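The structure file start.pdb is reproduced below (PDB, C-alpha atoms).
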```
ATOM      1  CA  MET A  78      73.313  94.593 164.025
ATOM      2  CA  GLN A  79      73.788  92.773 167.307
ATOM      3  CA  GLU A  80      75.826  89.587 167.586
ATOM      4  CA  PHE A  81      73.760  86.534 168.410
ATOM      5  CA  LEU A  82      74.300  84.043 171.212
ATOM      6  CA  ASN A  83      72.470  81.112 169.652
ATOM      7  CA  GLU A  84      70.015  80.124 166.953
ATOM      8  CA  ASN A  85      67.017  81.213 169.033
ATOM      9  CA  THR A  86      68.186  84.786 169.561
ATOM     10  CA  LEU A  87      69.239  85.000 165.926
ATOM     11  CA  PHE A  88      65.832  83.733 164.808
ATOM     12  CA  ALA A  89      64.074  86.158 167.169
ATOM     13  CA  THR A  90      65.890  89.043 165.503
ATOM     14  CA  LEU A  91      64.976  87.785 162.028
ATOM     15  CA  ALA A  92      61.350  87.374 163.062
ATOM     16  CA  MET A  93      61.179  91.080 163.977
ATOM     17  CA  PHE A  94      61.262  91.978 160.301
ATOM     18  CA  SER A  95      57.675  92.464 159.243
ATOM     19  CA  PRO A  96      56.325  90.161 156.509
ATOM     20  CA  ASP A  97      55.251  93.379 154.806
ATOM     21  CA  SER A  98      58.799  94.741 154.777
ATOM     22  CA  GLN A  99      60.342  95.180 151.353
ATOM     23  CA  HIS A 100      63.816  94.386 152.667
ATOM     24  CA  MET A 101      65.615  91.133 151.981
ATOM     25  CA  VAL A 102      67.741  89.717 154.801
ATOM     26  CA  LEU A 103      70.951  87.764 154.308
ATOM     27  CA  VAL A 104      72.618  86.063 157.284
ATOM     28  CA  VAL A 105      76.309  85.323 156.835
ATOM     29  CA  GLU A 106      78.397  82.982 158.936
ATOM     30  CA  GLY A 107      80.775  85.412 160.604
ATOM     31  CA  ASP A 108      82.035  88.925 161.171
ATOM     32  CA  ASP A 109      84.626  88.845 158.384
ATOM     33  CA  ASP A 110      81.974  87.816 155.860
ATOM     34  CA  HIS A 111      79.812  90.687 157.076
ATOM     35  CA  LEU A 112      82.683  93.177 156.906
ATOM     36  CA  THR A 113      83.614  92.053 153.402
ATOM     37  CA  LEU A 114      80.145  92.102 151.867
ATOM     38  CA  LYS A 115      78.441  94.947 153.712
ATOM     39  CA  SER A 116      79.710  97.751 151.471
ATOM     40  CA  HIS A 117      78.504  95.867 148.381
ATOM     41  CA  CYS A 118      74.876  95.493 149.527
ATOM     42  CA  SER A 119      72.076  97.599 148.119
ATOM     43  CA  GLU A 120      69.584  99.418 150.336
ATOM     44  CA  ASP A 121      67.191  96.524 149.771
ATOM     45  CA  LEU A 122      69.486  93.917 151.312
ATOM     46  CA  ILE A 123      70.107  93.810 155.059
ATOM     47  CA  LEU A 124      73.210  91.858 156.033
ATOM     48  CA  ILE A 125      73.364  90.167 159.451
ATOM     49  CA  PRO A 126      76.388  88.392 160.939
ATOM     50  CA  GLY A 127      75.690  85.207 162.826
ATOM     51  CA  ILE A 128      77.763  83.913 165.717
ATOM     52  CA  GLY A 129      78.525  80.445 166.975
ATOM     53  CA  GLY A 130      79.638  79.300 163.574
ATOM     54  CA  LYS A 131      77.934  77.217 160.940
ATOM     55  CA  PRO A 132      75.971  74.880 163.289
ATOM     56  CA  GLN A 133      74.125  77.762 164.966
ATOM     57  CA  VAL A 134      73.432  79.507 161.662
ATOM     58  CA  LEU A 135      71.978  76.304 160.175
ATOM     59  CA  LYS A 136      69.760  75.808 163.222
ATOM     60  CA  ALA A 137      68.452  79.353 162.805
ATOM     61  CA  ALA A 138      67.877  78.631 159.114
ATOM     62  CA  ALA A 139      65.785  75.590 160.030
ATOM     63  CA  LEU A 140      63.639  77.723 162.341
ATOM     64  CA  ALA A 141      63.247  80.397 159.676
ATOM     65  CA  GLN A 142      62.156  77.848 157.079
ATOM     66  CA  GLN A 143      59.732  76.260 159.521
ATOM     67  CA  GLU A 144      58.145  79.674 160.206
ATOM     68  CA  GLY A 145      58.029  80.630 156.535
ATOM     69  CA  LEU A 146      60.371  83.637 156.573
ATOM     70  CA  ARG A 147      60.555  83.942 152.785
ATOM     71  CA  ARG A 148      62.662  87.097 152.697
ATOM     72  CA  VAL A 149      65.520  85.582 154.684
ATOM     73  CA  ARG A 150      68.441  83.594 153.277
ATOM     74  CA  PHE A 151      71.575  82.188 154.903
ATOM     75  CA  LEU A 152      75.029  82.054 153.311
ATOM     76  CA  VAL A 153      77.412  79.533 154.876
ATOM     77  CA  ASP A 154      80.711  77.834 154.114
ATOM     78  CA  SER A 155      80.699  74.346 152.602
ATOM     79  CA  ASP A 156      83.807  73.416 154.600
ATOM     80  CA  TYR A 157      84.487  69.741 153.768
ATOM     81  CA  ASP A 158      80.857  68.778 153.182
ATOM     82  CA  MET A 159      81.577  67.635 149.627
ATOM     83  CA  PHE A 160      83.868  64.912 150.954
ATOM     84  CA  LEU A 161      81.272  63.380 153.292
ATOM     85  CA  ASP A 162      79.300  60.330 152.172
ATOM     86  CA  ASP A 163      76.224  61.225 154.239
ATOM     87  CA  LEU A 164      75.927  64.827 153.051
ATOM     88  CA  GLN A 165      72.389  66.142 153.465
ATOM     89  CA  ARG A 166      71.274  69.637 152.548
ATOM     90  CA  GLU A 167      67.566  69.869 153.162
ATOM     91  CA  LEU A 168      67.131  73.600 153.777
ATOM     92  CA  ASP A 169      65.907  75.607 150.802
ATOM     93  CA  ASN A 170      66.857  78.928 152.410
ATOM     94  CA  VAL A 171      70.581  78.146 152.730
ATOM     95  CA  LEU A 172      73.203  79.000 150.126
ATOM     96  CA  TYR A 173      76.603  77.325 150.273
ATOM     97  CA  SER A 174      80.021  78.325 149.056
ATOM     98  CA  GLU A 175      81.202  76.431 146.004
ATOM     99  CA  THR A 176      84.674  75.787 147.429
ATOM    100  CA  HIS A 177      85.602  75.480 151.122
ATOM    101  CA  ASP A 178      84.320  78.951 152.080
ATOM    102  CA  CYS A 179      83.145  82.264 150.682
ATOM    103  CA  PHE A 180      86.639  83.748 150.756
ATOM    104  CA  THR A 181      88.158  80.878 148.770
ATOM    105  CA  ASP A 182      85.290  81.291 146.297
ATOM    106  CA  ILE A 183      86.381  84.900 145.867
ATOM    107  CA  ILE A 184      90.081  84.000 145.621
ATOM    108  CA  TYR A 185      89.433  81.357 142.974
ATOM    109  CA  GLY A 186      87.016  83.663 141.162
ATOM    110  CA  ASN A 187      89.709  86.302 140.672
ATOM    111  CA  GLU A 188      93.123  84.793 139.999
ATOM    112  CA  LEU A 189      94.897  88.101 140.705
ATOM    113  CA  ILE A 190      93.872  88.488 144.353
ATOM    114  CA  LEU A 191      96.332  86.044 145.919
ATOM    115  CA  PRO A 192      99.361  87.027 143.785
ATOM    116  CA  ARG A 193      98.757  90.719 144.501
ATOM    117  CA  LEU A 194      98.453  90.014 148.218
ATOM    118  CA  VAL A 195     101.740  88.103 148.181
ATOM    119  CA  GLU A 196     103.586  90.591 145.985
ATOM    120  CA  VAL A 197     102.707  93.533 148.238
ATOM    121  CA  HIS A 198     104.774  91.913 150.968
ATOM    122  CA  ALA A 199     107.443  90.390 148.746
ATOM    123  CA  ALA A 200     108.155  93.656 146.924
ATOM    124  CA  SER A 201     110.178  95.207 149.755
ATOM    125  CA  ALA A 202     112.247  92.045 150.099
ATOM    126  CA  ARG A 203     113.106  92.180 146.416
ATOM    127  CA  ARG A 204     114.781  95.554 146.968
ATOM    128  CA  ARG A 205     117.260  94.021 149.384
ATOM    129  CA  PRO A 206     120.799  93.305 148.111
ATOM    130  CA  GLU A 207     120.193  89.556 148.433
ATOM    131  CA  SER A 208     116.861  89.759 146.593
ATOM    132  CA  GLU A 209     117.956  87.068 144.135
ATOM    133  CA  SER A 210     117.036  84.562 146.858
ATOM    134  CA  VAL A 211     113.385  85.635 146.899
ATOM    135  CA  PRO A 212     111.339  83.397 144.584
ATOM    136  CA  THR A 213     108.895  84.787 142.059
ATOM    137  CA  CYS A 214     105.384  85.616 143.193
ATOM    138  CA  GLU A 215     104.062  82.593 141.282
ATOM    139  CA  MET A 216     106.500  80.299 143.072
ATOM    140  CA  LEU A 217     105.566  81.741 146.471
ATOM    141  CA  CYS A 218     101.855  81.255 145.771
ATOM    142  CA  ASP A 219     102.398  77.687 144.575
ATOM    143  CA  GLU A 220     104.444  76.866 147.667
ATOM    144  CA  ALA A 221     101.765  78.251 150.001
ATOM    145  CA  ILE A 222      98.959  76.463 148.144
ATOM    146  CA  THR A 223     100.828  73.164 148.385
ATOM    147  CA  LEU A 224     101.346  73.627 152.128
ATOM    148  CA  ALA A 225      97.673  74.514 152.697
ATOM    149  CA  THR A 226      96.571  71.531 150.594
ATOM    150  CA  LYS A 227      98.643  69.160 152.753
ATOM    151  CA  LEU A 228      96.830  70.375 155.854
ATOM    152  CA  ALA A 229      93.507  70.130 154.001
ATOM    153  CA  ALA A 230      94.179  66.427 153.379
ATOM    154  CA  VAL A 231      94.508  65.846 157.135
ATOM    155  CA  ARG A 232      91.335  67.836 157.797
ATOM    156  CA  ILE A 233      89.394  65.831 155.202
ATOM    157  CA  VAL A 234      90.450  62.501 156.736
ATOM    158  CA  ASP A 235      89.432  63.863 160.138
ATOM    159  CA  ALA A 236      86.003  64.891 158.787
ATOM    160  CA  ARG A 237      85.412  61.636 156.902
ATOM    161  CA  GLU A 238      86.388  59.402 159.811
ATOM    162  CA  SER A 239      84.966  61.637 162.607
ATOM    163  CA  LEU A 240      88.303  61.466 164.434
ATOM    164  CA  CYS A 241      87.895  64.778 166.288
ATOM    165  CA  LEU A 242      91.572  65.657 165.871
ATOM    166  CA  ASN A 243      92.795  68.802 167.593
ATOM    167  CA  PHE A 244      93.442  71.524 165.013
ATOM    168  CA  LYS A 245      92.641  74.347 167.429
ATOM    169  CA  GLY A 246      95.449  76.863 167.576
ATOM    170  CA  PHE A 247      97.577  74.863 165.157
ATOM    171  CA  SER A 248     100.341  76.861 163.521
ATOM    172  CA  PHE A 249     102.674  75.884 160.710
ATOM    173  CA  TYR A 250     105.420  77.355 162.883
ATOM    174  CA  GLU A 251     105.052  74.316 165.153
ATOM    175  CA  LEU A 252     106.726  72.282 162.426
ATOM    176  CA  ASN A 253     110.479  72.293 162.965
ATOM    177  CA  VAL A 254     111.336  71.965 159.288
ATOM    178  CA  SER A 255     111.379  74.653 156.634
ATOM    179  CA  ASP A 256     109.496  72.619 154.034
ATOM    180  CA  PRO A 257     107.297  70.094 155.881
ATOM    181  CA  ASP A 258     106.167  66.989 154.087
ATOM    182  CA  LEU A 259     102.703  65.518 154.394
ATOM    183  CA  GLN A 260     103.548  62.969 157.098
ATOM    184  CA  THR A 261     105.241  65.624 159.262
ATOM    185  CA  ILE A 262     102.035  67.665 159.249
ATOM    186  CA  ALA A 263      99.825  64.634 159.896
ATOM    187  CA  GLN A 264     102.098  63.455 162.723
ATOM    188  CA  LYS A 265     102.025  66.880 164.384
ATOM    189  CA  ILE A 266      98.219  67.021 164.294
ATOM    190  CA  LEU A 267      97.968  63.474 165.643
ATOM    191  CA  THR A 268     100.483  64.191 168.430
ATOM    192  CA  ARG A 269      98.591  67.255 169.679
ATOM    193  CA  SER A 270      95.303  65.277 169.753
ATOM    194  CA  THR A 271      93.987  62.940 172.436
ATOM    195  CA  LEU A 272      93.206  60.249 169.859
ATOM    196  CA  LYS A 273      95.300  57.088 170.229
ATOM    197  CA  LEU A 274      95.329  54.893 167.146
ATOM    198  CA  ASP A 275      96.166  51.187 167.231
ATOM    199  CA  GLU A 276      97.481  51.416 163.686
ATOM    200  CA  PRO A 277      98.659  55.009 163.072
ATOM    201  CA  GLN A 278     100.203  54.011 159.761
ATOM    202  CA  GLU A 279      96.706  53.396 158.400
ATOM    203  CA  PHE A 280      95.909  57.010 159.256
ATOM    204  CA  PHE A 281      99.044  58.273 157.487
ATOM    205  CA  ASP A 282      98.261  56.106 154.452
ATOM    206  CA  GLU A 283      94.747  57.527 154.285
ATOM    207  CA  VAL A 284      96.122  61.068 154.458
ATOM    208  CA  GLU A 285      98.480  60.241 151.589
ATOM    209  CA  ARG A 286      95.617  58.823 149.515
ATOM    210  CA  THR A 287      93.480  61.872 150.235
ATOM    211  CA  TYR A 288      96.254  64.255 149.280
ATOM    212  CA  ALA A 289      96.704  62.391 145.987
ATOM    213  CA  GLU A 290      92.940  62.745 145.469
ATOM    214  CA  ILE A 291      92.851  66.521 145.944
ATOM    215  CA  ALA A 292      96.295  67.625 144.742
ATOM    216  CA  ASN A 293      95.181  67.810 141.126
ATOM    217  CA  HIS A 294      91.909  69.604 141.817
ATOM    218  CA  GLU A 295      91.747  72.893 139.965
ATOM    219  CA  LYS A 296      90.235  74.415 143.095
ATOM    220  CA  LYS A 297      92.053  72.982 146.089
ATOM    221  CA  PRO A 298      89.756  72.376 149.094
ATOM    222  CA  PHE A 299      91.673  74.325 151.727
ATOM    223  CA  GLY A 300      90.080  76.975 153.899
ATOM    224  CA  ASP A 301      90.938  80.654 153.797
ATOM    225  CA  HIS A 302      92.476  80.621 157.281
ATOM    226  CA  ASP A 303      94.780  77.734 156.396
ATOM    227  CA  LEU A 304      95.731  79.368 153.110
ATOM    228  CA  LEU A 305      96.678  82.676 154.692
ATOM    229  CA  ALA A 306      98.593  80.896 157.459
ATOM    230  CA  ALA A 307     100.452  78.973 154.764
ATOM    231  CA  VAL A 308     101.230  82.207 152.904
ATOM    232  CA  ALA A 309     102.623  83.765 156.090
ATOM    233  CA  ARG A 310     104.748  80.658 156.775
ATOM    234  CA  THR A 311     106.009  80.583 153.187
ATOM    235  CA  LEU A 312     106.989  84.252 153.233
ATOM    236  CA  LYS A 313     108.721  83.785 156.576
ATOM    237  CA  ARG A 314     110.789  80.975 155.067
ATOM    238  CA  HIS A 315     112.128  83.594 152.684
ATOM    239  CA  GLN A 316     112.774  86.185 155.420
ATOM    240  CA  ILE A 317     109.564  88.114 154.807
ATOM    241  CA  THR A 318     107.664  88.657 158.053
ATOM    242  CA  VAL A 319     103.917  89.187 157.930
ATOM    243  CA  SER A 320     101.154  87.747 160.099
ATOM    244  CA  ASP A 321      98.195  85.839 158.716
ATOM    245  CA  ARG A 322      95.961  88.450 160.407
ATOM    246  CA  GLU A 323      97.628  91.185 158.387
ATOM    247  CA  LEU A 324      97.181  89.104 155.268
ATOM    248  CA  ARG A 325      93.504  88.700 156.141
ATOM    249  CA  ARG A 326      93.042  92.439 156.428
ATOM    250  CA  GLY A 327      94.663  92.811 153.033
ATOM    251  CA  LEU A 328      92.373  90.158 151.585
ATOM    252  CA  ILE A 329      89.244  91.867 152.914
ATOM    253  CA  LEU A 330      90.389  95.203 151.502
ATOM    254  CA  SER A 331      91.075  93.630 148.111
ATOM    255  CA  VAL A 332      87.575  92.238 147.630
ATOM    256  CA  SER A 333      85.871  94.196 144.875
ATOM    257  CA  CYS A 334      82.602  93.835 143.028
ATOM    258  CA  ASP A 335      84.520  92.169 140.222
ATOM    259  CA  ALA A 336      85.646  89.452 142.626
ATOM    260  CA  ILE A 337      82.232  88.943 144.239
ATOM    261  CA  LEU A 338      80.255  88.692 141.036
ATOM    262  CA  ARG A 339      82.348  85.706 139.920
ATOM    263  CA  THR A 340      80.942  83.572 142.729
ATOM    264  CA  ARG A 341      77.961  81.301 142.332
ATOM    265  CA  TRP A 342      76.235  82.627 145.445
ATOM    266  CA  PHE A 343      76.349  86.194 144.107
ATOM    267  CA  HIS A 344      74.054  85.179 141.264
ATOM    268  CA  GLU A 345      71.851  83.046 143.519
ATOM    269  CA  ILE A 346      71.336  86.007 145.852
ATOM    270  CA  GLN A 347      70.688  88.403 142.983
ATOM    271  CA  ASP A 348      68.089  86.048 141.487
ATOM    272  CA  TRP A 349      66.400  85.540 144.866
ATOM    273  CA  CYS A 350      66.111  89.295 145.409
ATOM    274  CA  ALA A 351      64.999  89.958 141.839
ATOM    275  CA  ALA A 352      62.124  87.497 142.281
ATOM    276  CA  SER A 353      60.761  89.906 144.914
ATOM    277  CA  LEU A 354      61.509  92.932 142.699
ATOM    278  CA  GLN A 355      64.419  93.929 144.942
ATOM    279  CA  THR A 356      68.133  94.376 144.428
ATOM    280  CA  GLY A 357      70.655  92.286 146.338
ATOM    281  CA  PHE A 358      74.212  93.415 145.841
ATOM    282  CA  SER A 359      74.858  96.791 144.280
ATOM    283  CA  CYS A 360      77.527  95.283 141.995
ATOM    284  CA  THR A 361      76.716  95.302 138.289
ATOM    285  CA  THR A 362      78.677  93.991 135.344
ATOM    286  CA  ASN A 363      78.446  93.309 131.666
ATOM    287  CA  PHE A 364      79.807  89.792 131.935
ATOM    288  CA  GLY A 365      78.585  86.746 133.779
ATOM    289  CA  MET A 366      79.978  84.231 136.197
ATOM    290  CA  ALA A 367      83.323  82.743 135.369
ATOM    291  CA  ALA A 368      83.314  79.094 134.433
TER     292      ALA A 368
END
```
Transcribe the structure of this file into structure tokens.
Amino acid sequence: MQEFLNENTLFATLAMFSPDSQHMVLVVEGDDDHLTLKSHCSEDLILIPGIGGKPQVLKAAALAQQEGLRRVRFLVDSDYDMFLDDLQRELDNVLYSETHDCFTDIIYGNELILPRLVEVHAASARRRPESESVPTCEMLCDEAITLATKLAAVRIVDARESLCLNFKGFSFYELNVSDPDLQTIAQKILTRSTLKLDEPQEFFDEVERTYAEIANHEKKPFGDHDLLAAVARTLKRHQITVSDRELRRGLILSVSCDAILRTRWFHEIQDWCAASLQTGFSCTTNFGMAA
């Protein structure tokens, strides 16, 4: 399918599907979502990648709902919506990830994905003579998750307070310490932003409170990009060099039916298709969604 410049061109493409068509159409937020899910779709389900991110996809969803395109659904990331006081979800044709995004849904749905991804790259380091210095896979995962959660706390404060901080192009490698604490990360983000605060300590205090709020969540609210960047930074700290892009390719390749079917949106899509006597994903299983 073609990439779409805005919500109008995306909607125009969706409108080309005849109301008499038996196909179901699912619009996903980006190319990686499309690449990951495409091979798991049945012949009944047409998968379309949007472009322009979540705002454009939601605008197209509003147009589709207004025009009554019943065989079209949109799957988007929740991002930090659950932390916003004025959250409004008024579109019936939009499905949202349960955690930050669809990839973190998959990672949390299958607890083996992240450890396997880490161990693939740590295994060669363990064969080195000084391998005793390489932590266990569990320790590496925990370290990366903690780092990603620290950045998530800053992002949540930014979203709640509409600060418009500059996260674009941020890299954990900008931090000149091997194990950055929460204030170091928050200070770096604030420094690279145009925002000038009269009382920056209030900002740091709010980040600390937010981190305390989310640190004990079973499913930490970081995004997949931040998590993989944190994994790459953690491995580098232990002399294991791998880019977050390479980790992302590995993640996409590791996504199986078993991982997809443990997400909430898998079942929502299957039920939506079944109501029209169609099949959504080709994945089948004898057990249901994980709790």
| message | Residue by residue, what does the PyMOL selection byres ((chain A and resi 157-162) around 8) grab here? Present the result as a PyMOL selection string. | response | chain A and resi 155-156+163-164+177+233+236-237+298
Provide the CA of Arg339 in chain A to CA of Lys136 in chain A distance in Å, to one decimal place.
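Pair CA of Arg339 in chain A / CA of Lys136 in chain A returns 28.3 Å.
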Leaving out Glu285 in chain A and any residue of its chain fewer than 3 positions from it, which residues lie within 10 Å of it when counting only C-alpha atoms, given as a list in words?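 The filter keeps Lys227, Ala230, Val231, Val234, Leu259, Gln260, Ala263, Glu279, Phe280, Phe281, Asp282, Tyr288, Ala289 and Glu290 of chain A.
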Go ahead and write the selection's residues with C-alpha atoms as a short mmCIF file (atom, residue, chain, number, x, y, z; two decimals), keeping the file's coordinate frame.
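What ended up in result_18.cif:
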```cif
data_model
loop_
_atom_site.label_atom_id
_atom_site.label_comp_id
_atom_site.auth_asym_id
_atom_site.auth_seq_id
_atom_site.Cartn_x
_atom_site.Cartn_y
_atom_site.Cartn_z
CA LYS A 227 98.64 69.16 152.75
CA ALA A 230 94.18 66.43 153.38
CA VAL A 231 94.51 65.85 157.14
CA VAL A 234 90.45 62.50 156.74
CA LEU A 259 102.70 65.52 154.39
CA GLN A 260 103.55 62.97 157.10
CA ALA A 263 99.82 64.63 159.90
CA GLU A 279 96.71 53.40 158.40
CA PHE A 280 95.91 57.01 159.26
CA PHE A 281 99.04 58.27 157.49
CA ASP A 282 98.26 56.11 154.45
CA TYR A 288 96.25 64.26 149.28
CA ALA A 289 96.70 62.39 145.99
CA GLU A 290 92.94 62.74 145.47
#
```
message: Could you tell me how far CA of Leu189 in chain A sits from CA of Ser331 in chain A, in Å to one decimal place?
response: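 That distance, rounded to one decimal, is 10.0 Å.
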*Sphere at (103.3, 76.6, 165.9), radius 12 Å, counting all atoms listed in the file: residues as a PyMOL selection string*: chain A and resi 244-254+262+265-266+269+306-307+310
Item to complete: Report as JSON, numbers by chain the residues that result from applying the PyMOL selection byres ((chain A and resi 271) around 9) to the structure here.
Response: {"A": [241, 242, 243, 267, 268, 269, 270, 272, 273]}
Which residue is closest to Gln143 in chain A? Choose from A:Ile125, A:Val105, A:Leu172, A:Ala92 and count all atoms listed in the file.
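Checking each of A:Ile125, A:Val105, A:Leu172, A:Ala92 against Gln143 in chain A, counting all atoms listed in the file, the winner is A:Ala92.
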Any chance you could work out the residue set of the PyMOL selection byres ((chain A and resi 348-359) around 8) here, as a ChimeraX atom specification?
-> /A:99-101,117-122,343-347,360-361
Same residues, C-alpha atoms, output as a CSV table (one decimal), keeping the file's coordinate frame:
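Result file out-v9.csv:
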```
chain,number,residue,atom,x,y,z
A,99,GLN,CA,60.3,95.2,151.4
A,100,HIS,CA,63.8,94.4,152.7
A,101,MET,CA,65.6,91.1,152.0
A,117,HIS,CA,78.5,95.9,148.4
A,118,CYS,CA,74.9,95.5,149.5
A,119,SER,CA,72.1,97.6,148.1
A,120,GLU,CA,69.6,99.4,150.3
A,121,ASP,CA,67.2,96.5,149.8
A,122,LEU,CA,69.5,93.9,151.3
A,343,PHE,CA,76.3,86.2,144.1
A,344,HIS,CA,74.1,85.2,141.3
A,345,GLU,CA,71.9,83.0,143.5
A,346,ILE,CA,71.3,86.0,145.9
A,347,GLN,CA,70.7,88.4,143.0
A,360,CYS,CA,77.5,95.3,142.0
A,361,THR,CA,76.7,95.3,138.3
```
With a distance cut-off of 12 Å and only C-alpha atoms, select the neighbouring residues of Glu323 in chain A, excluding the residue or stretch itself and same-chain residues fewer than 3 positions from it, and output the selection as a list of chain:residue names.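 The residues satisfying every condition are A:Leu194, A:Val195, A:Val197, A:His198, A:His302, A:Leu305, A:Ala306, A:Val308, A:Ala309, A:Thr318, A:Val319, A:Ser320, A:Arg326, A:Gly327, A:Leu328, A:Ile329, A:Leu330.
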Nearest residue to Leu312 in chain A out of A:Glu196, A:Ile291, A:Arg341, A:Cys334, using all atoms listed in the file?
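Result for the nearest residue to Leu312 in chain A: A:Glu196.
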Quiz item: Could you name the residues that touch range 107-109 of chain A at 7 Å or less, counting only C-alpha atoms, but leaving out those on the same chain fewer than 2 positions away, as a list in words?
Solution: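 Those residues are Val105, His111, Leu112, Thr113, Pro126, Gly127, Ile128 and Gly130 of chain A.
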Enclose all atoms of range 265-271 of chain A listed in the file in an axis-aligned box, grow every side by 4 Å, and hand back centre and edge lengths in Å to one decimal, as AutoDock Vina command-line options.
```
--center_x 98.0 --center_y 65.1 --center_z 168.4 --size_x 16.0 --size_y 12.3 --size_z 16.1
```
For Lys131 in chain A, which residue out of A:Glu276, A:Tyr173, A:Phe180, A:Ser98 is the nearest one, using only C-alpha atoms?
->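 For Lys131 in chain A, the nearest of the given residues is A:Tyr173.
The coordinates place CA of Leu168 in chain A at 7.4 Å from CA of Ala138 in chain A.
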